[in-house]
file input.pdb (PDB, N, CA and C atoms)
ATOM      1  N   MET A   1     111.819 -29.002  16.345
ATOM      2  CA  MET A   1     112.463 -27.789  16.780
ATOM      3  C   MET A   1     113.004 -27.994  18.195
ATOM      4  N   ALA A   2     114.278 -27.888  18.340
ATOM      5  CA  ALA A   2     114.919 -28.082  19.642
ATOM      6  C   ALA A   2     114.828 -26.808  20.473
ATOM      7  N   GLN A   3     114.781 -26.987  21.764
ATOM      8  CA  GLN A   3     114.778 -25.853  22.673
ATOM      9  C   GLN A   3     115.975 -25.981  23.598
ATOM     10  N   ASP A   4     116.838 -24.987  23.572
ATOM     11  CA  ASP A   4     118.004 -24.994  24.442
ATOM     12  C   ASP A   4     117.588 -24.540  25.835
ATOM     13  N   PHE A   5     118.072 -25.269  26.854
ATOM     14  CA  PHE A   5     117.796 -24.837  28.223
ATOM     15  C   PHE A   5     118.803 -25.444  29.172
ATOM     16  N   THR A   6     118.905 -24.821  30.323
ATOM     17  CA  THR A   6     119.677 -25.331  31.448
ATOM     18  C   THR A   6     118.779 -25.262  32.672
ATOM     19  N   ARG A   7     118.651 -26.378  33.375
ATOM     20  CA  ARG A   7     117.848 -26.434  34.591
ATOM     21  C   ARG A   7     118.752 -26.846  35.749
ATOM     22  N   CYS A   8     118.669 -26.126  36.843
ATOM     23  CA  CYS A   8     119.505 -26.416  38.013
ATOM     24  C   CYS A   8     118.633 -26.523  39.254
ATOM     25  N   LEU A   9     119.020 -27.427  40.123
ATOM     26  CA  LEU A   9     118.342 -27.590  41.401
ATOM     27  C   LEU A   9     119.400 -27.858  42.463
ATOM     28  N   LYS A  10     119.261 -27.183  43.588
ATOM     29  CA  LYS A  10     120.105 -27.437  44.752
ATOM     30  C   LYS A  10     119.165 -27.520  45.946
ATOM     31  N   ALA A  11     119.191 -28.651  46.644
ATOM     32  CA  ALA A  11     118.271 -28.843  47.761
ATOM     33  C   ALA A  11     118.909 -29.735  48.818
ATOM     34  N   LYS A  12     118.431 -29.599  50.036
ATOM     35  CA  LYS A  12     118.904 -30.460  51.119
ATOM     36  C   LYS A  12     118.038 -31.713  51.182
ATOM     37  N   ILE A  13     118.700 -32.866  51.198
ATOM     38  CA  ILE A  13     118.006 -34.124  51.452
ATOM     39  C   ILE A  13     118.935 -35.002  52.288
ATOM     40  N   PRO A  14     118.391 -35.931  53.029
ATOM     41  CA  PRO A  14     119.241 -36.851  53.788
ATOM     42  C   PRO A  14     120.021 -37.770  52.837
ATOM     43  N   ARG A  15     121.222 -38.097  53.202
ATOM     44  CA  ARG A  15     122.067 -38.998  52.400
ATOM     45  C   ARG A  15     121.340 -40.304  52.123
ATOM     46  N   SER A  16     120.590 -40.781  53.081
ATOM     47  CA  SER A  16     119.897 -42.062  52.960
ATOM     48  C   SER A  16     118.824 -42.060  51.864
ATOM     49  N   GLU A  17     118.397 -40.881  51.410
ATOM     50  CA  GLU A  17     117.363 -40.789  50.379
ATOM     51  C   GLU A  17     117.911 -40.544  48.977
ATOM     52  N   PHE A  18     119.212 -40.327  48.849
ATOM     53  CA  PHE A  18     119.782 -39.931  47.556
ATOM     54  C   PHE A  18     119.639 -40.998  46.473
ATOM     55  N   ALA A  19     119.959 -42.240  46.746
ATOM     56  CA  ALA A  19     119.873 -43.299  45.722
ATOM     57  C   ALA A  19     118.433 -43.467  45.228
ATOM     58  N   ALA A  20     117.470 -43.399  46.132
ATOM     59  CA  ALA A  20     116.064 -43.513  45.729
ATOM     60  C   ALA A  20     115.656 -42.325  44.862
ATOM     61  N   TYR A  21     116.173 -41.145  45.181
ATOM     62  CA  TYR A  21     115.887 -39.947  44.388
ATOM     63  C   TYR A  21     116.445 -40.111  42.974
ATOM     64  N   ALA A  22     117.671 -40.589  42.863
ATOM     65  CA  ALA A  22     118.278 -40.832  41.549
ATOM     66  C   ALA A  22     117.467 -41.853  40.764
ATOM     67  N   HIS A  23     117.001 -42.875  41.428
ATOM     68  CA  HIS A  23     116.187 -43.908  40.778
ATOM     69  C   HIS A  23     114.864 -43.320  40.272
ATOM     70  N   ARG A  24     114.218 -42.479  41.081
ATOM     71  CA  ARG A  24     112.953 -41.853  40.663
ATOM     72  C   ARG A  24     113.144 -40.954  39.444
ATOM     73  N   LEU A  25     114.318 -40.365  39.308
ATOM     74  CA  LEU A  25     114.606 -39.494  38.167
ATOM     75  C   LEU A  25     115.151 -40.281  36.962
ATOM     76  N   ASN A  26     115.240 -41.602  37.097
ATOM     77  CA  ASN A  26     115.663 -42.494  36.003
ATOM     78  C   ASN A  26     117.098 -42.262  35.518
ATOM     79  N   PHE A  27     118.003 -41.971  36.433
ATOM     80  CA  PHE A  27     119.411 -41.852  36.053
ATOM     81  C   PHE A  27     119.988 -43.254  35.862
ATOM     82  N   PRO A  28     120.486 -43.564  34.650
ATOM     83  CA  PRO A  28     120.936 -44.927  34.373
ATOM     84  C   PRO A  28     122.376 -45.238  34.779
ATOM     85  N   HIS A  29     123.206 -44.216  34.980
ATOM     86  CA  HIS A  29     124.632 -44.462  35.230
ATOM     87  C   HIS A  29     125.059 -43.870  36.564
ATOM     88  N   ARG A  30     125.934 -44.599  37.231
ATOM     89  CA  ARG A  30     126.504 -44.121  38.494
ATOM     90  C   ARG A  30     128.013 -44.048  38.327
ATOM     91  N   TYR A  31     128.581 -42.896  38.670
ATOM     92  CA  TYR A  31     130.028 -42.707  38.620
ATOM     93  C   TYR A  31     130.651 -43.353  39.853
ATOM     94  N   VAL A  32     131.653 -44.160  39.625
ATOM     95  CA  VAL A  32     132.390 -44.799  40.707
ATOM     96  C   VAL A  32     133.754 -44.124  40.789
ATOM     97  N   LYS A  33     134.076 -43.624  41.972
ATOM     98  CA  LYS A  33     135.369 -42.949  42.132
ATOM     99  C   LYS A  33     136.484 -43.869  41.682
ATOM    100  N   GLY A  34     137.421 -43.291  40.949
ATOM    101  CA  GLY A  34     138.524 -44.063  40.407
ATOM    102  C   GLY A  34     138.348 -44.373  38.924
ATOM    103  N   GLU A  35     137.116 -44.271  38.428
ATOM    104  CA  GLU A  35     136.886 -44.459  36.997
ATOM    105  C   GLU A  35     137.504 -43.302  36.232
ATOM    106  N   ASN A  36     137.769 -43.513  34.957
ATOM    107  CA  ASN A  36     138.301 -42.461  34.103
ATOM    108  C   ASN A  36     137.220 -41.407  33.890
ATOM    109  N   ILE A  37     137.395 -40.278  34.528
ATOM    110  CA  ILE A  37     136.386 -39.220  34.460
ATOM    111  C   ILE A  37     136.324 -38.589  33.075
ATOM    112  N   GLU A  38     137.402 -38.650  32.317
ATOM    113  CA  GLU A  38     137.432 -38.050  30.982
ATOM    114  C   GLU A  38     136.432 -38.714  30.049
ATOM    115  N   SER A  39     136.113 -39.969  30.274
ATOM    116  CA  SER A  39     135.203 -40.682  29.384
ATOM    117  C   SER A  39     133.738 -40.510  29.774
ATOM    118  N   LYS A  40     133.462 -39.788  30.821
ATOM    119  CA  LYS A  40     132.093 -39.602  31.301
ATOM    120  C   LYS A  40     131.567 -38.239  30.857
ATOM    121  N   THR A  41     130.617 -38.222  29.954
ATOM    122  CA  THR A  41     130.081 -36.983  29.412
ATOM    123  C   THR A  41     129.343 -36.182  30.472
ATOM    124  N   GLY A  42     129.759 -34.955  30.665
ATOM    125  CA  GLY A  42     129.011 -34.022  31.479
ATOM    126  C   GLY A  42     129.133 -34.129  32.980
ATOM    127  N   LEU A  43     130.064 -34.915  33.491
ATOM    128  CA  LEU A  43     130.129 -35.060  34.949
ATOM    129  C   LEU A  43     130.441 -33.757  35.662
ATOM    130  N   ASP A  44     131.233 -32.908  35.048
ATOM    131  CA  ASP A  44     131.630 -31.688  35.743
ATOM    132  C   ASP A  44     131.243 -30.412  35.006
ATOM    133  N   PHE A  45     130.249 -30.475  34.144
ATOM    134  CA  PHE A  45     129.781 -29.239  33.532
ATOM    135  C   PHE A  45     128.802 -28.571  34.475
ATOM    136  N   GLY A  46     128.525 -27.322  34.234
ATOM    137  CA  GLY A  46     127.471 -26.702  35.001
ATOM    138  C   GLY A  46     127.748 -25.365  35.639
ATOM    139  N   PRO A  47     128.763 -25.228  36.484
ATOM    140  CA  PRO A  47     128.883 -23.971  37.210
ATOM    141  C   PRO A  47     128.910 -22.734  36.315
ATOM    142  N   GLY A  48     129.543 -22.802  35.170
ATOM    143  CA  GLY A  48     129.585 -21.658  34.261
ATOM    144  C   GLY A  48     128.272 -21.419  33.549
ATOM    145  N   LEU A  49     127.367 -22.389  33.609
ATOM    146  CA  LEU A  49     126.085 -22.288  32.922
ATOM    147  C   LEU A  49     124.963 -21.833  33.833
ATOM    148  N   ALA A  50     125.235 -21.700  35.110
ATOM    149  CA  ALA A  50     124.165 -21.502  36.087
ATOM    150  C   ALA A  50     124.372 -20.236  36.918
ATOM    151  N   ARG A  51     123.464 -20.009  37.807
ATOM    152  CA  ARG A  51     123.517 -18.886  38.741
ATOM    153  C   ARG A  51     124.606 -19.117  39.790
ATOM    154  N   PRO A  52     125.062 -18.050  40.442
ATOM    155  CA  PRO A  52     126.120 -18.184  41.448
ATOM    156  C   PRO A  52     125.773 -19.138  42.602
ATOM    157  N   TRP A  53     124.506 -19.272  42.967
ATOM    158  CA  TRP A  53     124.114 -20.151  44.071
ATOM    159  C   TRP A  53     124.307 -21.622  43.728
ATOM    160  N   PHE A  54     124.419 -21.929  42.436
ATOM    161  CA  PHE A  54     124.585 -23.327  42.027
ATOM    162  C   PHE A  54     126.077 -23.641  42.011
ATOM    163  N   ASP A  55     126.534 -24.312  43.053
ATOM    164  CA  ASP A  55     127.967 -24.551  43.260
ATOM    165  C   ASP A  55     128.264 -26.034  43.496
ATOM    166  N   PRO A  56     127.947 -26.892  42.513
ATOM    167  CA  PRO A  56     128.144 -28.329  42.728
ATOM    168  C   PRO A  56     129.619 -28.686  42.875
ATOM    169  N   PRO A  57     129.895 -29.727  43.631
ATOM    170  CA  PRO A  57     131.282 -30.193  43.748
ATOM    171  C   PRO A  57     131.704 -30.887  42.453
ATOM    172  N   ARG A  58     132.992 -30.988  42.243
ATOM    173  CA  ARG A  58     133.486 -31.806  41.136
ATOM    174  C   ARG A  58     133.119 -33.257  41.445
ATOM    175  N   ALA A  59     133.006 -34.069  40.406
ATOM    176  CA  ALA A  59     132.586 -35.467  40.586
ATOM    177  C   ALA A  59     133.479 -36.206  41.573
ATOM    178  N   VAL A  60     134.773 -35.977  41.506
ATOM    179  CA  VAL A  60     135.694 -36.694  42.396
ATOM    180  C   VAL A  60     135.587 -36.225  43.840
ATOM    181  N   GLU A  61     134.961 -35.061  44.079
ATOM    182  CA  GLU A  61     134.789 -34.531  45.434
ATOM    183  C   GLU A  61     133.409 -34.847  46.009
ATOM    184  N   ALA A  62     132.482 -35.262  45.160
ATOM    185  CA  ALA A  62     131.112 -35.531  45.601
ATOM    186  C   ALA A  62     131.044 -36.856  46.354
ATOM    187  N   ASP A  63     130.026 -36.975  47.204
ATOM    188  CA  ASP A  63     129.805 -38.224  47.926
ATOM    189  C   ASP A  63     129.217 -39.300  47.009
ATOM    190  N   ASP A  64     128.444 -38.879  46.014
ATOM    191  CA  ASP A  64     127.804 -39.812  45.089
ATOM    192  C   ASP A  64     127.412 -39.044  43.833
ATOM    193  N   VAL A  65     127.456 -39.721  42.663
ATOM    194  CA  VAL A  65     127.154 -39.064  41.393
ATOM    195  C   VAL A  65     126.426 -40.033  40.469
ATOM    196  N   TYR A  66     125.348 -39.558  39.873
ATOM    197  CA  TYR A  66     124.644 -40.273  38.805
ATOM    198  C   TYR A  66     124.636 -39.365  37.586
ATOM    199  N   TYR A  67     124.577 -39.955  36.393
ATOM    200  CA  TYR A  67     124.608 -39.127  35.190
ATOM    201  C   TYR A  67     123.905 -39.824  34.032
ATOM    202  N   ASP A  68     123.592 -39.034  33.027
ATOM    203  CA  ASP A  68     122.975 -39.513  31.794
ATOM    204  C   ASP A  68     123.322 -38.524  30.696
ATOM    205  N   SER A  69     123.342 -38.987  29.454
ATOM    206  CA  SER A  69     123.577 -38.087  28.331
ATOM    207  C   SER A  69     123.041 -38.724  27.055
ATOM    208  N   GLY A  70     122.769 -37.862  26.090
ATOM    209  CA  GLY A  70     122.292 -38.302  24.793
ATOM    210  C   GLY A  70     122.807 -37.356  23.727
ATOM    211  N   GLN A  71     122.244 -37.428  22.546
ATOM    212  CA  GLN A  71     122.722 -36.592  21.445
ATOM    213  C   GLN A  71     122.484 -35.114  21.689
ATOM    214  N   THR A  72     121.437 -34.783  22.433
ATOM    215  CA  THR A  72     121.099 -33.365  22.610
ATOM    216  C   THR A  72     120.979 -32.938  24.078
ATOM    217  N   TYR A  73     121.434 -33.763  24.998
ATOM    218  CA  TYR A  73     121.314 -33.382  26.407
ATOM    219  C   TYR A  73     122.385 -34.077  27.258
ATOM    220  N   ALA A  74     122.589 -33.521  28.430
ATOM    221  CA  ALA A  74     123.413 -34.154  29.464
ATOM    222  C   ALA A  74     122.804 -33.776  30.803
ATOM    223  N   ALA A  75     122.853 -34.706  31.743
ATOM    224  CA  ALA A  75     122.290 -34.473  33.071
ATOM    225  C   ALA A  75     123.193 -35.111  34.120
ATOM    226  N   THR A  76     123.345 -34.422  35.218
ATOM    227  CA  THR A  76     124.163 -34.921  36.321
ATOM    228  C   THR A  76     123.440 -34.673  37.640
ATOM    229  N   LEU A  77     123.488 -35.667  38.502
ATOM    230  CA  LEU A  77     122.908 -35.580  39.841
ATOM    231  C   LEU A  77     124.025 -35.919  40.825
ATOM    232  N   LYS A  78     124.374 -34.949  41.668
ATOM    233  CA  LYS A  78     125.473 -35.142  42.622
ATOM    234  C   LYS A  78     124.972 -34.956  44.042
ATOM    235  N   TYR A  79     125.650 -35.627  44.959
ATOM    236  CA  TYR A  79     125.355 -35.445  46.373
ATOM    237  C   TYR A  79     126.637 -35.120  47.115
ATOM    238  N   LYS A  80     126.592 -34.040  47.867
ATOM    239  CA  LYS A  80     127.679 -33.654  48.765
ATOM    240  C   LYS A  80     127.002 -33.154  50.023
ATOM    241  N   GLU A  81     127.134 -33.877  51.104
ATOM    242  CA  GLU A  81     126.440 -33.618  52.372
ATOM    243  C   GLU A  81     126.333 -32.131  52.659
ATOM    244  N   PRO A  82     125.159 -31.587  52.870
ATOM    245  CA  PRO A  82     123.818 -32.171  52.893
ATOM    246  C   PRO A  82     123.003 -31.864  51.629
ATOM    247  N   TYR A  83     123.672 -31.510  50.514
ATOM    248  CA  TYR A  83     122.950 -31.046  49.331
ATOM    249  C   TYR A  83     122.945 -32.044  48.180
ATOM    250  N   VAL A  84     121.856 -31.995  47.421
ATOM    251  CA  VAL A  84     121.766 -32.673  46.137
ATOM    252  C   VAL A  84     121.815 -31.569  45.080
ATOM    253  N   TYR A  85     122.550 -31.847  43.996
ATOM    254  CA  TYR A  85     122.696 -30.895  42.894
ATOM    255  C   TYR A  85     122.260 -31.580  41.610
ATOM    256  N   LEU A  86     121.312 -30.997  40.925
ATOM    257  CA  LEU A  86     120.835 -31.539  39.660
ATOM    258  C   LEU A  86     121.022 -30.490  38.591
ATOM    259  N   ILE A  87     121.641 -30.865  37.483
ATOM    260  CA  ILE A  87     121.729 -29.969  36.332
ATOM    261  C   ILE A  87     121.387 -30.774  35.080
ATOM    262  N   ILE A  88     120.537 -30.173  34.267
ATOM    263  CA  ILE A  88     120.156 -30.759  32.982
ATOM    264  C   ILE A  88     120.388 -29.677  31.931
ATOM    265  N   VAL A  89     121.145 -30.021  30.898
ATOM    266  CA  VAL A  89     121.416 -29.093  29.804
ATOM    267  C   VAL A  89     120.942 -29.742  28.524
ATOM    268  N   ASP A  90     120.136 -29.016  27.768
ATOM    269  CA  ASP A  90     119.640 -29.489  26.485
ATOM    270  C   ASP A  90     120.062 -28.482  25.424
ATOM    271  N   TRP A  91     120.489 -28.989  24.273
ATOM    272  CA  TRP A  91     120.936 -28.088  23.197
ATOM    273  C   TRP A  91     120.346 -28.488  21.874
TER     274      TRP A  91
END
call {"tool": "encode", "arguments": {"input": "input.pdb", "output": "structure tokens"}}
result
Amino acid sequence: MAQDFTRCLKAKIPRSEFAAYAHRLNFPHRYVKGENIESKTGLDFGPGLARPWFDPPRAVEADDVYYDSGQTYAATLKYKEPYVYLIIVDW
């Protein structure tokens, strides 16, 4: 039985800690600016699914982006000075 949910986090962390944070959360993919964003599942989903305080930048505007997706979920971790934005959607 699947459970649908959306989880959002917005927090301040130093830029120097972002890559280690992504590693601790086991994000396997890193978006590199200039890559075809259309082929990356879930990089810019979220704002319509969350509360007004959750205002992540678009992937091309973020300082750094990690992502993951599967058959029933997508997750994105973005950094835009001084905030980290995490969204996980499961369906």
call {"tool": "resolve_selection", "arguments": {"input": "input.pdb", "expression": "the PyMOL selection byres (((chain A and resi 68 and name CA) around 8) and name CA)", "output": "VMD selection string"}}
result
chain A and resid 27 to 29 41 66 to 67 69 to 70 74 to 76
call {"tool": "resolve_selection", "arguments": {"input": "input.pdb", "expression": "the PyMOL selection byres ((chain A and resi 72) around 6)", "output": "list in words"}}
result
Gly70, Gln71, Tyr73, Ala74, Val89, Asp90 and Trp91 of chain A
call {"tool": "resolve_selection", "arguments": {"input": "input.pdb", "expression": "the PyMOL selection byres ((chain A and resi 86) around 7)", "output": "JSON, numbers by chain"}}
result
{"A": [7, 8, 9, 10, 11, 75, 76, 77, 78, 84, 85, 87, 88]}
call {"tool": "write_last_selection", "arguments": {"input": "input.pdb", "atoms": "N, CA and C atoms", "output": "PDB file, in the coordinates of the input"}}
result
ATOM      1  N   ARG A   7     118.651 -26.378  33.375  1.00  0.00           N
ATOM      2  CA  ARG A   7     117.848 -26.434  34.591  1.00  0.00           C
ATOM      3  C   ARG A   7     118.752 -26.846  35.749  1.00  0.00           C
ATOM      4  N   CYS A   8     118.669 -26.126  36.843  1.00  0.00           N
ATOM      5  CA  CYS A   8     119.505 -26.416  38.013  1.00  0.00           C
ATOM      6  C   CYS A   8     118.633 -26.523  39.254  1.00  0.00           C
ATOM      7  N   LEU A   9     119.020 -27.427  40.123  1.00  0.00           N
ATOM      8  CA  LEU A   9     118.342 -27.590  41.401  1.00  0.00           C
ATOM      9  C   LEU A   9     119.400 -27.858  42.463  1.00  0.00           C
ATOM     10  N   LYS A  10     119.261 -27.183  43.588  1.00  0.00           N
ATOM     11  CA  LYS A  10     120.105 -27.437  44.752  1.00  0.00           C
ATOM     12  C   LYS A  10     119.165 -27.520  45.946  1.00  0.00           C
ATOM     13  N   ALA A  11     119.191 -28.651  46.644  1.00  0.00           N
ATOM     14  CA  ALA A  11     118.271 -28.843  47.761  1.00  0.00           C
ATOM     15  C   ALA A  11     118.909 -29.735  48.818  1.00  0.00           C
ATOM     16  N   ALA A  75     122.853 -34.706  31.743  1.00  0.00           N
ATOM     17  CA  ALA A  75     122.290 -34.473  33.071  1.00  0.00           C
ATOM     18  C   ALA A  75     123.193 -35.111  34.120  1.00  0.00           C
ATOM     19  N   THR A  76     123.345 -34.422  35.218  1.00  0.00           N
ATOM     20  CA  THR A  76     124.163 -34.921  36.321  1.00  0.00           C
ATOM     21  C   THR A  76     123.440 -34.673  37.640  1.00  0.00           C
ATOM     22  N   LEU A  77     123.488 -35.667  38.502  1.00  0.00           N
ATOM     23  CA  LEU A  77     122.908 -35.580  39.841  1.00  0.00           C
ATOM     24  C   LEU A  77     124.025 -35.919  40.825  1.00  0.00           C
ATOM     25  N   LYS A  78     124.374 -34.949  41.668  1.00  0.00           N
ATOM     26  CA  LYS A  78     125.473 -35.142  42.622  1.00  0.00           C
ATOM     27  C   LYS A  78     124.972 -34.956  44.042  1.00  0.00           C
ATOM     28  N   VAL A  84     121.856 -31.995  47.421  1.00  0.00           N
ATOM     29  CA  VAL A  84     121.766 -32.673  46.137  1.00  0.00           C
ATOM     30  C   VAL A  84     121.815 -31.569  45.080  1.00  0.00           C
ATOM     31  N   TYR A  85     122.550 -31.847  43.996  1.00  0.00           N
ATOM     32  CA  TYR A  85     122.696 -30.895  42.894  1.00  0.00           C
ATOM     33  C   TYR A  85     122.260 -31.580  41.610  1.00  0.00           C
ATOM     34  N   ILE A  87     121.641 -30.865  37.483  1.00  0.00           N
ATOM     35  CA  ILE A  87     121.729 -29.969  36.332  1.00  0.00           C
ATOM     36  C   ILE A  87     121.387 -30.774  35.080  1.00  0.00           C
ATOM     37  N   ILE A  88     120.537 -30.173  34.267  1.00  0.00           N
ATOM     38  CA  ILE A  88     120.156 -30.759  32.982  1.00  0.00           C
ATOM     39  C   ILE A  88     120.388 -29.677  31.931  1.00  0.00           C
TER      40      ILE A  88
END
call {"tool": "atom_distance", "arguments": {"input": "input.pdb", "atom1": "atom CA of A:His23", "atom2": "atom CA of A:Val60"}}
result
20.9 Å
call {"tool": "select_by_dssp", "arguments": {"input": "input.pdb", "residues": "chain A", "states": "strand (DSSP E or B)", "output": "count of residues only"}}
result
33
call {"tool": "residues_around", "arguments": {"input": "input.pdb", "residues": "A:Glu81", "least_positions_apart": "4", "cutoff": "7 Å", "atoms": "only N, CA and C atoms", "output": "number ranges by chain"}}
result
A: 15, 62-63
call {"tool": "axis_aligned_box", "arguments": {"input": "input.pdb", "around": "stretch 19-32 of chain A", "padding_each_side": "8 Å", "output": "AutoDock Vina command-line options"}}
result
--center_x 123.4 --center_y -42.4 --center_z 40.6 --size_x 36.8 --size_y 21.7 --size_z 28.4
call {"tool": "closest_residue", "arguments": {"input": "input.pdb", "among": "A:Val32, A:Phe5, A:Arg24, A:Ala59", "to": "A:Asp44", "atoms": "all atoms listed in the file"}}
result
A:Ala59
call {"tool": "atom_distance", "arguments": {"input": "input.pdb", "atom1": "atom CA of A:Asp55", "atom2": "atom C of A:Gln3"}}
result
23.1 Å
